[in-house]
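> This one is my_file_36.pdb, PDB, C-alpha atoms.
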ATOM      1  CA  MET P  36     -52.459 -19.625  69.046
ATOM      2  CA  VAL P  37     -50.664 -20.598  65.834
ATOM      3  CA  THR P  38     -51.855 -23.933  64.456
ATOM      4  CA  SER P  39     -50.708 -26.153  61.631
ATOM      5  CA  THR P  40     -51.366 -29.544  60.087
ATOM      6  CA  ASN P  41     -49.182 -32.323  58.775
ATOM      7  CA  HIS P  42     -47.369 -31.366  55.628
ATOM      8  CA  SER P  43     -48.846 -33.171  52.655
ATOM      9  CA  ARG P  44     -46.587 -34.979  50.255
ATOM     10  CA  THR P  45     -46.818 -31.917  48.005
ATOM     11  CA  ALA P  46     -44.812 -29.836  50.471
ATOM     12  CA  ARG P  47     -41.348 -28.692  49.482
ATOM     13  CA  VAL P  48     -38.486 -29.904  51.631
ATOM     14  CA  ASP P  49     -35.504 -27.548  51.908
ATOM     15  CA  VAL P  50     -32.244 -29.138  53.047
ATOM     16  CA  ILE P  51     -29.295 -27.010  54.165
ATOM     17  CA  GLY P  52     -25.963 -28.085  55.587
ATOM     18  CA  VAL P  53     -24.035 -26.068  58.155
ATOM     19  CA  PRO P  54     -20.534 -27.582  58.444
ATOM     20  CA  MET P  55     -19.756 -25.840  61.721
ATOM     21  CA  ASP P  56     -17.278 -27.192  64.251
ATOM     22  CA  LEU P  57     -16.338 -23.891  65.877
ATOM     23  CA  GLY P  58     -18.674 -24.406  68.818
ATOM     24  CA  ALA P  59     -16.988 -27.616  69.964
ATOM     25  CA  SER P  60     -13.504 -28.491  71.115
ATOM     26  CA  ARG P  61     -13.415 -31.845  69.326
ATOM     27  CA  ARG P  62     -13.034 -31.654  65.559
ATOM     28  CA  GLY P  63     -15.020 -33.517  62.932
ATOM     29  CA  VAL P  64     -18.674 -32.507  63.133
ATOM     30  CA  ASP P  65     -18.139 -30.165  60.200
ATOM     31  CA  MET P  66     -18.303 -33.348  58.080
ATOM     32  CA  GLY P  67     -21.721 -34.246  59.477
ATOM     33  CA  PRO P  68     -23.763 -32.828  56.570
ATOM     34  CA  SER P  69     -21.740 -34.855  54.067
ATOM     35  CA  ALA P  70     -22.183 -38.017  56.134
ATOM     36  CA  ILE P  71     -25.953 -37.550  56.230
ATOM     37  CA  ARG P  72     -26.097 -36.974  52.498
ATOM     38  CA  TYR P  73     -23.928 -40.054  51.922
ATOM     39  CA  ALA P  74     -26.527 -42.010  53.919
ATOM     40  CA  ARG P  75     -29.018 -41.217  51.098
ATOM     41  CA  LEU P  76     -31.120 -38.536  52.724
ATOM     42  CA  TYR P  77     -32.277 -37.162  49.381
ATOM     43  CA  ASP P  78     -33.327 -40.560  48.025
ATOM     44  CA  ARG P  79     -35.111 -41.502  51.239
ATOM     45  CA  LEU P  80     -37.103 -38.267  51.222
ATOM     46  CA  ARG P  81     -38.134 -38.823  47.629
ATOM     47  CA  GLU P  82     -39.167 -42.389  48.497
ATOM     48  CA  LEU P  83     -41.499 -40.919  51.119
ATOM     49  CA  GLY P  84     -43.384 -39.185  48.328
ATOM     50  CA  PHE P  85     -42.130 -35.625  48.519
ATOM     51  CA  PRO P  86     -42.046 -34.477  44.885
ATOM     52  CA  GLU P  87     -39.830 -31.488  45.581
ATOM     53  CA  VAL P  88     -36.729 -32.018  47.702
ATOM     54  CA  LEU P  89     -34.247 -29.198  47.299
ATOM     55  CA  ASP P  90     -30.746 -29.581  48.695
ATOM     56  CA  HIS P  91     -29.318 -26.090  48.898
ATOM     57  CA  GLY P  92     -25.793 -27.273  49.669
ATOM     58  CA  ASN P  93     -23.776 -25.938  52.601
ATOM     59  CA  LEU P  94     -23.520 -22.495  54.092
ATOM     60  CA  PRO P  95     -19.945 -21.157  54.053
ATOM     61  CA  VAL P  96     -18.224 -21.588  57.417
ATOM     62  CA  PRO P  97     -14.675 -20.323  58.077
ATOM     63  CA  ILE P  98     -12.222 -22.949  59.252
ATOM     64  CA  ARG P  99     -10.726 -22.728  62.708
ATOM     65  CA  GLU P 100      -7.150 -22.493  61.458
ATOM     66  CA  GLY P 101      -7.814 -19.048  60.038
ATOM     67  CA  LEU P 102      -9.405 -17.653  63.186
ATOM     68  CA  GLU P 103      -8.523 -16.627  66.696
ATOM     69  CA  ALA P 104     -10.693 -17.386  69.722
ATOM     70  CA  ASN P 105     -10.423 -13.924  71.230
ATOM     71  CA  ASP P 106     -13.164 -14.410  73.822
ATOM     72  CA  VAL P 107     -12.331 -17.480  75.893
ATOM     73  CA  SER P 108     -15.751 -17.336  77.608
ATOM     74  CA  ALA P 109     -17.494 -17.948  74.259
ATOM     75  CA  LYS P 110     -14.936 -19.093  71.693
ATOM     76  CA  TYR P 111     -15.455 -17.955  68.087
ATOM     77  CA  LEU P 112     -18.840 -16.473  69.032
ATOM     78  CA  ASP P 113     -18.539 -13.591  66.561
ATOM     79  CA  VAL P 114     -17.992 -15.975  63.638
ATOM     80  CA  ILE P 115     -20.658 -18.397  64.862
ATOM     81  CA  GLU P 116     -23.161 -15.552  65.024
ATOM     82  CA  ARG P 117     -22.355 -14.516  61.452
ATOM     83  CA  VAL P 118     -22.955 -18.049  60.179
ATOM     84  CA  CYS P 119     -26.125 -18.275  62.266
ATOM     85  CA  ALA P 120     -27.359 -15.034  60.682
ATOM     86  CA  ASP P 121     -27.036 -16.690  57.252
ATOM     87  CA  LEU P 122     -28.845 -19.765  58.548
ATOM     88  CA  ALA P 123     -31.604 -17.621  60.027
ATOM     89  CA  ARG P 124     -32.213 -16.018  56.632
ATOM     90  CA  PHE P 125     -32.418 -19.460  55.016
ATOM     91  CA  ALA P 126     -34.870 -20.818  57.615
ATOM     92  CA  GLU P 127     -37.016 -17.701  57.413
ATOM     93  CA  ASP P 128     -37.160 -17.789  53.606
ATOM     94  CA  SER P 129     -37.982 -21.510  53.585
ATOM     95  CA  VAL P 130     -40.919 -21.126  55.966
ATOM     96  CA  ARG P 131     -42.250 -17.958  54.332
ATOM     97  CA  THR P 132     -42.342 -19.692  50.939
ATOM     98  CA  GLY P 133     -44.062 -22.835  52.188
ATOM     99  CA  GLY P 134     -41.039 -25.058  52.700
ATOM    100  CA  LEU P 135     -40.137 -27.469  55.464
ATOM    101  CA  PRO P 136     -36.520 -26.750  56.447
ATOM    102  CA  ILE P 137     -34.192 -29.587  57.411
ATOM    103  CA  VAL P 138     -30.931 -28.310  58.875
ATOM    104  CA  LEU P 139     -27.894 -30.606  58.957
ATOM    105  CA  GLY P 140     -25.108 -29.850  61.430
ATOM    106  CA  GLY P 141     -22.483 -29.237  62.434
ATOM    107  CA  ASP P 142     -22.309 -28.623  66.149
ATOM    108  CA  HIS P 143     -25.345 -27.574  68.176
ATOM    109  CA  SER P 144     -24.451 -23.875  68.188
ATOM    110  CA  ILE P 145     -26.252 -23.647  64.827
ATOM    111  CA  ALA P 146     -29.596 -23.941  66.630
ATOM    112  CA  MET P 147     -29.322 -20.237  67.431
ATOM    113  CA  GLY P 148     -29.639 -19.446  63.739
ATOM    114  CA  THR P 149     -32.400 -21.922  62.979
ATOM    115  CA  LEU P 150     -34.568 -20.704  65.858
ATOM    116  CA  ALA P 151     -34.012 -17.062  64.971
ATOM    117  CA  GLY P 152     -35.199 -17.640  61.412
ATOM    118  CA  LEU P 153     -38.219 -19.705  62.415
ATOM    119  CA  THR P 154     -39.267 -17.059  64.929
ATOM    120  CA  ARG P 155     -38.943 -14.219  62.430
ATOM    121  CA  ALA P 156     -40.911 -16.124  59.797
ATOM    122  CA  ARG P 157     -43.885 -16.779  62.080
ATOM    123  CA  GLY P 158     -43.667 -13.846  64.459
ATOM    124  CA  THR P 159     -43.463 -16.147  67.474
ATOM    125  CA  PRO P 160     -41.022 -18.820  68.681
ATOM    126  CA  PRO P 161     -41.859 -22.401  67.742
ATOM    127  CA  GLY P 162     -42.718 -25.128  70.165
ATOM    128  CA  LEU P 163     -39.265 -26.570  70.780
ATOM    129  CA  VAL P 164     -38.437 -30.230  71.409
ATOM    130  CA  TRP P 165     -34.739 -30.439  72.252
ATOM    131  CA  ILE P 166     -33.374 -33.998  72.332
ATOM    132  CA  ASP P 167     -29.908 -34.114  73.852
ATOM    133  CA  ALA P 168     -27.702 -35.657  76.519
ATOM    134  CA  HIS P 169     -26.806 -32.115  77.607
ATOM    135  CA  SER P 170     -28.983 -29.148  78.505
ATOM    136  CA  ASP P 171     -26.929 -26.632  76.453
ATOM    137  CA  ILE P 172     -28.143 -23.826  78.702
ATOM    138  CA  ASN P 173     -24.779 -22.542  79.919
ATOM    139  CA  SER P 174     -24.148 -18.840  79.507
ATOM    140  CA  PRO P 175     -20.744 -17.444  78.558
ATOM    141  CA  GLN P 176     -20.317 -16.567  82.227
ATOM    142  CA  SER P 177     -21.175 -20.050  83.523
ATOM    143  CA  SER P 178     -19.546 -22.251  80.888
ATOM    144  CA  PRO P 179     -16.504 -24.164  82.162
ATOM    145  CA  THR P 180     -15.136 -24.587  78.624
ATOM    146  CA  GLY P 181     -16.213 -21.565  76.588
ATOM    147  CA  ASN P 182     -17.535 -23.937  73.905
ATOM    148  CA  VAL P 183     -20.594 -22.331  72.339
ATOM    149  CA  HIS P 184     -22.259 -25.650  71.494
ATOM    150  CA  GLY P 185     -23.031 -25.830  75.217
ATOM    151  CA  MET P 186     -24.851 -22.464  75.111
ATOM    152  CA  PRO P 187     -27.369 -22.328  72.226
ATOM    153  CA  LEU P 188     -30.494 -22.786  74.320
ATOM    154  CA  TRP P 189     -29.386 -20.026  76.680
ATOM    155  CA  PHE P 190     -28.840 -17.679  73.749
ATOM    156  CA  ALA P 191     -32.175 -18.641  72.148
ATOM    157  CA  LEU P 192     -34.079 -17.976  75.370
ATOM    158  CA  HIS P 193     -32.117 -14.792  76.072
ATOM    159  CA  ASN P 194     -32.797 -13.408  72.576
ATOM    160  CA  GLY P 195     -36.472 -14.377  72.455
ATOM    161  CA  PHE P 196     -36.155 -17.096  69.817
ATOM    162  CA  ALA P 197     -37.418 -19.737  72.251
ATOM    163  CA  LYS P 198     -39.916 -19.545  75.096
ATOM    164  CA  ALA P 199     -39.311 -21.510  78.267
ATOM    165  CA  GLU P 200     -42.982 -22.392  78.625
ATOM    166  CA  THR P 201     -43.069 -24.045  75.189
ATOM    167  CA  THR P 202     -39.643 -25.703  75.298
ATOM    168  CA  VAL P 203     -39.044 -29.314  76.313
ATOM    169  CA  GLN P 204     -35.758 -31.145  76.724
ATOM    170  CA  ILE P 205     -35.573 -34.938  76.499
ATOM    171  CA  GLY P 206     -32.768 -37.386  77.254
ATOM    172  CA  LEU P 207     -30.643 -35.306  79.640
ATOM    173  CA  ARG P 208     -27.986 -37.216  81.567
ATOM    174  CA  ASP P 209     -24.867 -35.008  81.663
ATOM    175  CA  VAL P 210     -25.616 -31.565  83.110
ATOM    176  CA  ASP P 211     -23.116 -29.224  84.807
ATOM    177  CA  GLU P 212     -23.887 -28.220  88.391
ATOM    178  CA  ILE P 213     -24.342 -24.559  87.461
ATOM    179  CA  GLU P 214     -26.483 -25.614  84.500
ATOM    180  CA  LYS P 215     -28.808 -27.525  86.801
ATOM    181  CA  LYS P 216     -29.551 -24.314  88.655
ATOM    182  CA  GLN P 217     -29.959 -22.339  85.431
ATOM    183  CA  LEU P 218     -32.235 -24.981  83.982
ATOM    184  CA  ARG P 219     -34.470 -24.965  87.066
ATOM    185  CA  GLU P 220     -34.640 -21.181  87.052
ATOM    186  CA  SER P 221     -35.359 -21.023  83.305
ATOM    187  CA  GLY P 222     -38.722 -22.754  83.565
ATOM    188  CA  VAL P 223     -37.880 -25.163  80.730
ATOM    189  CA  ARG P 224     -39.443 -28.604  81.241
ATOM    190  CA  ALA P 225     -36.648 -31.171  81.197
ATOM    191  CA  PHE P 226     -37.034 -34.950  81.027
ATOM    192  CA  SER P 227     -33.854 -36.696  82.106
ATOM    193  CA  MET P 228     -33.099 -40.298  81.206
ATOM    194  CA  THR P 229     -34.348 -41.185  84.682
ATOM    195  CA  ASP P 230     -37.714 -39.701  83.696
ATOM    196  CA  VAL P 231     -37.678 -41.662  80.444
ATOM    197  CA  ASP P 232     -36.905 -44.853  82.374
ATOM    198  CA  LYS P 233     -39.672 -44.263  84.897
ATOM    199  CA  LEU P 234     -42.387 -42.913  82.637
ATOM    200  CA  GLY P 235     -41.606 -44.522  79.311
ATOM    201  CA  MET P 236     -41.108 -42.633  76.072
ATOM    202  CA  THR P 237     -44.781 -42.639  75.125
ATOM    203  CA  ARG P 238     -45.786 -40.707  78.233
ATOM    204  CA  VAL P 239     -42.770 -38.401  77.983
ATOM    205  CA  MET P 240     -43.740 -37.474  74.440
ATOM    206  CA  GLU P 241     -47.413 -37.058  75.361
ATOM    207  CA  GLU P 242     -46.421 -34.603  78.083
ATOM    208  CA  ALA P 243     -43.938 -32.885  75.767
ATOM    209  CA  LEU P 244     -46.560 -32.399  73.065
ATOM    210  CA  ALA P 245     -49.002 -31.000  75.610
ATOM    211  CA  ILE P 246     -46.373 -28.459  76.670
ATOM    212  CA  VAL P 247     -45.390 -27.276  73.186
ATOM    213  CA  GLY P 248     -49.077 -26.897  72.403
ATOM    214  CA  GLY P 249     -50.772 -26.607  69.037
ATOM    215  CA  ARG P 250     -48.122 -24.353  67.577
ATOM    216  CA  PRO P 251     -45.561 -25.246  64.864
ATOM    217  CA  ILE P 252     -42.949 -27.561  66.380
ATOM    218  CA  HIS P 253     -39.216 -27.543  65.776
ATOM    219  CA  VAL P 254     -37.188 -30.580  66.820
ATOM    220  CA  SER P 255     -33.508 -29.984  67.488
ATOM    221  CA  PHE P 256     -31.944 -33.421  67.712
ATOM    222  CA  ASP P 257     -28.425 -33.850  69.036
ATOM    223  CA  MET P 258     -27.331 -37.366  68.159
ATOM    224  CA  ASP P 259     -25.584 -37.738  71.509
ATOM    225  CA  GLY P 260     -29.099 -37.968  72.946
ATOM    226  CA  ILE P 261     -29.012 -41.575  71.730
ATOM    227  CA  ASP P 262     -26.960 -44.204  73.523
ATOM    228  CA  PRO P 263     -23.454 -44.445  72.016
ATOM    229  CA  SER P 264     -23.992 -48.151  71.357
ATOM    230  CA  GLU P 265     -26.438 -47.033  68.638
ATOM    231  CA  ALA P 266     -24.859 -43.673  67.732
ATOM    232  CA  PRO P 267     -21.075 -43.857  68.254
ATOM    233  CA  GLY P 268     -20.267 -41.040  65.844
ATOM    234  CA  THR P 269     -20.580 -38.070  68.152
ATOM    235  CA  GLY P 270     -17.976 -36.007  69.971
ATOM    236  CA  THR P 271     -19.602 -36.010  73.417
ATOM    237  CA  PRO P 272     -20.990 -39.522  73.977
ATOM    238  CA  VAL P 273     -22.614 -40.375  77.298
ATOM    239  CA  LYS P 274     -23.710 -43.893  78.194
ATOM    240  CA  GLY P 275     -27.301 -44.598  79.131
ATOM    241  CA  GLY P 276     -29.047 -42.672  76.364
ATOM    242  CA  LEU P 277     -32.153 -43.200  74.298
ATOM    243  CA  SER P 278     -32.510 -46.534  72.554
ATOM    244  CA  PHE P 279     -32.987 -46.917  68.810
ATOM    245  CA  ARG P 280     -36.728 -47.465  69.241
ATOM    246  CA  GLU P 281     -37.192 -44.698  71.818
ATOM    247  CA  ALA P 282     -35.621 -42.212  69.411
ATOM    248  CA  HIS P 283     -37.787 -43.369  66.518
ATOM    249  CA  LEU P 284     -40.921 -43.323  68.677
ATOM    250  CA  ALA P 285     -40.233 -39.712  69.616
ATOM    251  CA  MET P 286     -40.012 -38.728  65.965
ATOM    252  CA  GLU P 287     -43.042 -40.809  64.986
ATOM    253  CA  MET P 288     -45.124 -39.096  67.661
ATOM    254  CA  LEU P 289     -43.930 -35.691  66.504
ATOM    255  CA  TYR P 290     -45.199 -36.547  63.028
ATOM    256  CA  GLU P 291     -48.495 -37.846  64.395
ATOM    257  CA  SER P 292     -49.007 -34.575  66.271
ATOM    258  CA  GLY P 293     -49.587 -32.841  62.950
ATOM    259  CA  HIS P 294     -47.485 -29.857  63.999
ATOM    260  CA  LEU P 295     -43.873 -30.689  63.173
ATOM    261  CA  GLU P 296     -42.663 -27.953  60.832
ATOM    262  CA  SER P 297     -38.845 -28.090  60.931
ATOM    263  CA  ILE P 298     -36.022 -30.478  61.805
ATOM    264  CA  GLU P 299     -32.420 -30.035  62.891
ATOM    265  CA  MET P 300     -29.904 -32.903  63.219
ATOM    266  CA  VAL P 301     -26.562 -32.068  64.788
ATOM    267  CA  GLU P 302     -23.321 -33.327  66.322
ATOM    268  CA  ILE P 303     -22.576 -36.184  63.910
ATOM    269  CA  ASN P 304     -18.830 -36.838  63.772
ATOM    270  CA  PRO P 305     -17.907 -39.276  60.978
ATOM    271  CA  ILE P 306     -14.326 -39.540  62.292
ATOM    272  CA  LEU P 307     -15.653 -41.285  65.387
ATOM    273  CA  ASP P 308     -18.390 -43.271  63.648
ATOM    274  CA  THR P 309     -18.576 -46.916  62.594
ATOM    275  CA  ARG P 310     -19.397 -47.371  58.884
ATOM    276  CA  ASN P 311     -21.529 -44.200  58.896
ATOM    277  CA  GLN P 312     -23.904 -45.800  61.418
ATOM    278  CA  THR P 313     -24.808 -42.572  63.190
ATOM    279  CA  ALA P 314     -25.555 -40.649  60.004
ATOM    280  CA  ALA P 315     -27.710 -43.516  58.702
ATOM    281  CA  LEU P 316     -29.652 -43.471  61.970
ATOM    282  CA  ALA P 317     -30.110 -39.704  61.623
ATOM    283  CA  VAL P 318     -31.604 -40.203  58.156
ATOM    284  CA  GLY P 319     -33.962 -42.835  59.527
ATOM    285  CA  LEU P 320     -35.065 -40.487  62.303
ATOM    286  CA  ILE P 321     -35.739 -37.681  59.842
ATOM    287  CA  CYS P 322     -37.885 -40.058  57.802
ATOM    288  CA  SER P 323     -39.806 -41.152  60.893
ATOM    289  CA  ALA P 324     -40.505 -37.493  61.661
ATOM    290  CA  LEU P 325     -41.866 -37.041  58.137
ATOM    291  CA  GLY P 326     -44.248 -39.960  58.112
ATOM    292  CA  LYS P 327     -42.347 -43.184  57.477
ATOM    293  CA  SER P 328     -44.131 -45.908  59.393
ATOM    294  CA  ILE P 329     -43.441 -49.556  60.149
ATOM    295  CA  LEU P 330     -46.751 -50.722  58.635
TER     296      LEU P 330
END
Here is a file; write its structure as structure tokens.


Amino acid sequence: MVTSTNHSRTARVDVIGVPMDLGASRRGVDMGPSAIRYARLYDRLRELGFPEVLDHGNLPVPIREGLEANDVSAKYLDVIERVCADLARFAEDSVRTGGLPIVLGGDHSIAMGTLAGLTRARGTPPGLVWIDAHSDINSPQSSPTGNVHGMPLWFALHNGFAKAETTVQIGLRDVDEIEKKQLRESGVRAFSMTDVDKLGMTRVMEEALAIVGGRPIHVSFDMDGIDPSEAPGTGTPVKGGLSFREAHLAMEMLYESGHLESIEMVEINPILDTRNQTAALAVGLICSALGKSIL
């Protein structure tokens, strides 16, 4: 089994933006990386004591106006896969050279690239904690919309960049009927908001950490996992999500596990936000995952 320990404050943090909105029907998440940077991500990471924080800018992403969605079952998939290939190379290089990659989205389709790179770097898929209102496990054949941001977990499992037995989903509350069947058949452990309500976030995270095991952990955090009263700047809001403190507790417990090795924050839409509230919350969550504590 692959093991790891908490990154010391001498670790290098590698930040990359992926201004992708091709996987979603609603525009605006391509501005998510800029919103997170505007919320002082770099300064906050330096305040945590990381001496080397490298922001590598944004990967190039073609704009929708210059493309055609030829495959309506998985719109723009060919272009998304090309961008994800670039992201995979970045994530792989970061891990191989001792970095801790932080990926800023963009829509959730970018997770395909992050997970591919992490898997190649270590030779095995990471333990995956997927925080989201949606299960994102539609296939091109089952998707009612053809939007690829509803498919990245299916692709990751299908391509071997995630393992069902070491993948946990938290915060689900809007799952298609066909997805429910696919999720059950996949073997992925899913905690809906009903589970969070009944068990409490502490127990949910304890069970999640037991499932992902002592391997390097990747957290893929869709900001629509949080209740829209706290995170209004997302294109697919669903009421009844994680509270501010539940979200922070999840990230704090990931840090305390000693195994968190990479972070992905996606689906921030500044057009729909209030005074950059959602991006500021994302920065706070990243800091909680990297050791910021209340006391």

> Within 12 Å of Val64 in chain P, counting all atoms listed in the file, which residues qualify if same-chain residues fewer than 5 places away don't, as a CSV table (one decimal) with C-alpha atoms, in the frame of the given file?


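See result_26.csv below for the written result:
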chain,number,residue,atom,x,y,z
P,52,GLY,CA,-26.0,-28.1,55.6
P,53,VAL,CA,-24.0,-26.1,58.2
P,54,PRO,CA,-20.5,-27.6,58.4
P,55,MET,CA,-19.8,-25.8,61.7
P,56,ASP,CA,-17.3,-27.2,64.3
P,57,LEU,CA,-16.3,-23.9,65.9
P,58,GLY,CA,-18.7,-24.4,68.8
P,59,ALA,CA,-17.0,-27.6,70.0
P,69,SER,CA,-21.7,-34.9,54.1
P,70,ALA,CA,-22.2,-38.0,56.1
P,71,ILE,CA,-26.0,-37.6,56.2
P,139,LEU,CA,-27.9,-30.6,59.0
P,140,GLY,CA,-25.1,-29.8,61.4
P,141,GLY,CA,-22.5,-29.2,62.4
P,142,ASP,CA,-22.3,-28.6,66.1
P,143,HIS,CA,-25.3,-27.6,68.2
P,144,SER,CA,-24.5,-23.9,68.2
P,145,ILE,CA,-26.3,-23.6,64.8
P,184,HIS,CA,-22.3,-25.6,71.5
P,257,ASP,CA,-28.4,-33.8,69.0
P,258,MET,CA,-27.3,-37.4,68.2
P,268,GLY,CA,-20.3,-41.0,65.8
P,269,THR,CA,-20.6,-38.1,68.2
P,270,GLY,CA,-18.0,-36.0,70.0
P,271,THR,CA,-19.6,-36.0,73.4
P,300,MET,CA,-29.9,-32.9,63.2
P,301,VAL,CA,-26.6,-32.1,64.8
P,302,GLU,CA,-23.3,-33.3,66.3
P,303,ILE,CA,-22.6,-36.2,63.9
P,304,ASN,CA,-18.8,-36.8,63.8
P,305,PRO,CA,-17.9,-39.3,61.0
P,306,ILE,CA,-14.3,-39.5,62.3
P,307,LEU,CA,-15.7,-41.3,65.4
P,308,ASP,CA,-18.4,-43.3,63.6
P,313,THR,CA,-24.8,-42.6,63.2
P,314,ALA,CA,-25.6,-40.6,60.0

> For Val247 in chain P, which residue out of P:Pro136, P:Pro175, P:Pro97, P:Pro161 is the nearest one, using only C-alpha atoms?

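Counting only C-alpha atoms, the residue closest to Val247 in chain P is P:Pro161.
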
> Using the chain letters and numbers from the file, give me the residues hit by the PyMOL selection byres ((chain P and resi 260) around 9), as a PyMOL selection string.

chain P and resi 166-169+205-208+256-259+261-263+266+272-273+276-277+282

> Run the PyMOL selection byres ((chain P and resi 86) around 10) mentally over the shown coordinates, then write out the matched residues as an MDAnalysis selection string, using the chain letters and numbers from the document.

chainID P and resid 44:48 80:85 87:89

> Determine the residue set returned by the PyMOL selection byres ((chain P and resi 283) around 10) for the present structure, and present it as an mmCIF file with C-alpha atoms, keeping the file's coordinate frame.


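Printed below is selection-v6.cif as written:
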data_model
loop_
_atom_site.group_PDB
_atom_site.id
_atom_site.type_symbol
_atom_site.label_atom_id
_atom_site.label_comp_id
_atom_site.auth_asym_id
_atom_site.auth_seq_id
_atom_site.Cartn_x
_atom_site.Cartn_y
_atom_site.Cartn_z
ATOM 1 C CA LEU P 277 -32.153 -43.200 74.298
ATOM 2 C CA SER P 278 -32.510 -46.534 72.554
ATOM 3 C CA PHE P 279 -32.987 -46.917 68.810
ATOM 4 C CA ARG P 280 -36.728 -47.465 69.241
ATOM 5 C CA GLU P 281 -37.192 -44.698 71.818
ATOM 6 C CA ALA P 282 -35.621 -42.212 69.411
ATOM 7 C CA LEU P 284 -40.921 -43.323 68.677
ATOM 8 C CA ALA P 285 -40.233 -39.712 69.616
ATOM 9 C CA MET P 286 -40.012 -38.728 65.965
ATOM 10 C CA GLU P 287 -43.042 -40.809 64.986
ATOM 11 C CA MET P 288 -45.124 -39.096 67.661
ATOM 12 C CA LEU P 289 -43.930 -35.691 66.504
ATOM 13 C CA LEU P 316 -29.652 -43.471 61.970
ATOM 14 C CA ALA P 317 -30.110 -39.704 61.623
ATOM 15 C CA GLY P 319 -33.962 -42.835 59.527
ATOM 16 C CA LEU P 320 -35.065 -40.487 62.303
ATOM 17 C CA ILE P 321 -35.739 -37.681 59.842
ATOM 18 C CA CYS P 322 -37.885 -40.058 57.802
ATOM 19 C CA SER P 323 -39.806 -41.152 60.893
ATOM 20 C CA ALA P 324 -40.505 -37.493 61.661
ATOM 21 C CA SER P 328 -44.131 -45.908 59.393
#

> Neighbours of Glu214 in chain P within 7 Å (all atoms listed in the file; same-chain residues fewer than 3 positions away dropped), as a ChimeraX atom specification?

/P:172-173,210-211,217-218

> Contacts of Ser174 in chain P at 10 Å or less, counting all atoms listed in the file, minus same-chain residues fewer than 4 places along, as an MDAnalysis selection string?

chainID P and resid 108:109 178:179 181 183 185:190 193 213:214 217

> Around range 255-261 of chain P, fit a box with edges along x, y and z, padding it by 3 Å on each side, then list its centre and edge lengths in Å to one decimal as JSON.


{"center_x": -29.5, "center_y": -35.8, "center_z": 70.2, "size_x": 13.9, "size_y": 17.6, "size_z": 11.5}

> Figure out the distance between CA of Ser297 in chain P and CA of Gly134 in chain P, please, to one decimal in Å.

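CA of Ser297 in chain P lies at a distance of 9.0 Å from CA of Gly134 in chain P.
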
> Find, counting only C-alpha atoms, the residue in P:Ala120, P:Ile329, P:Asn194, P:Ala315 that gets nearest to Gly67 in chain P.

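Closest to Gly67 in chain P, using only C-alpha atoms: P:Ala315.
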
> Using all atoms listed in the file for the distances, tell me which of P:Ile252, P:Trp165, P:Ser177, P:Val118 is nearest to Lys216 in chain P.

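Among the listed residues, the smallest separation from Lys216 in chain P belongs to P:Ser177.
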
> Closest to His253 in chain P among P:Leu153, P:Leu122, P:Val114, P:Leu102, using all atoms listed in the file?

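Among the listed residues, P:Leu153 lies closest to His253 in chain P.
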
> Please report the interatomic distance between CA of Leu244 in chain P and CA of Arg219 in chain P in Å with one decimal.

19.9 Å

> Mind giving me the straight-line distance from CA of Leu295 in chain P to CA of Val254 in chain P in Å, one decimal?

7.6 Å

> Identify which of the residues P:Asp106, P:Glu296, P:Glu200, P:Glu265 lies closest to Thr309 in chain P, counting only C-alpha atoms when measuring atom-to-atom distances.

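Residue with the minimum atom-to-atom distance to Thr309 in chain P: P:Glu265.
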
> Which residue, P:Arg155, P:Arg310, P:Lys215, P:Arg99, has the smallest gap to Phe125 in chain P when you use only C-alpha atoms?

P:Arg155

> Around the point (-37.1, -27.0, 80.1), in the coordinates given by the file, pick out the residues reaching within 6 Å, counting all atoms listed in the file, and return them as a list of chain:residue names.

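Every residue inside that radius is included here: P:Thr202, P:Val203, P:Gln204, P:Gly222, P:Val223, P:Arg224, P:Ala225.
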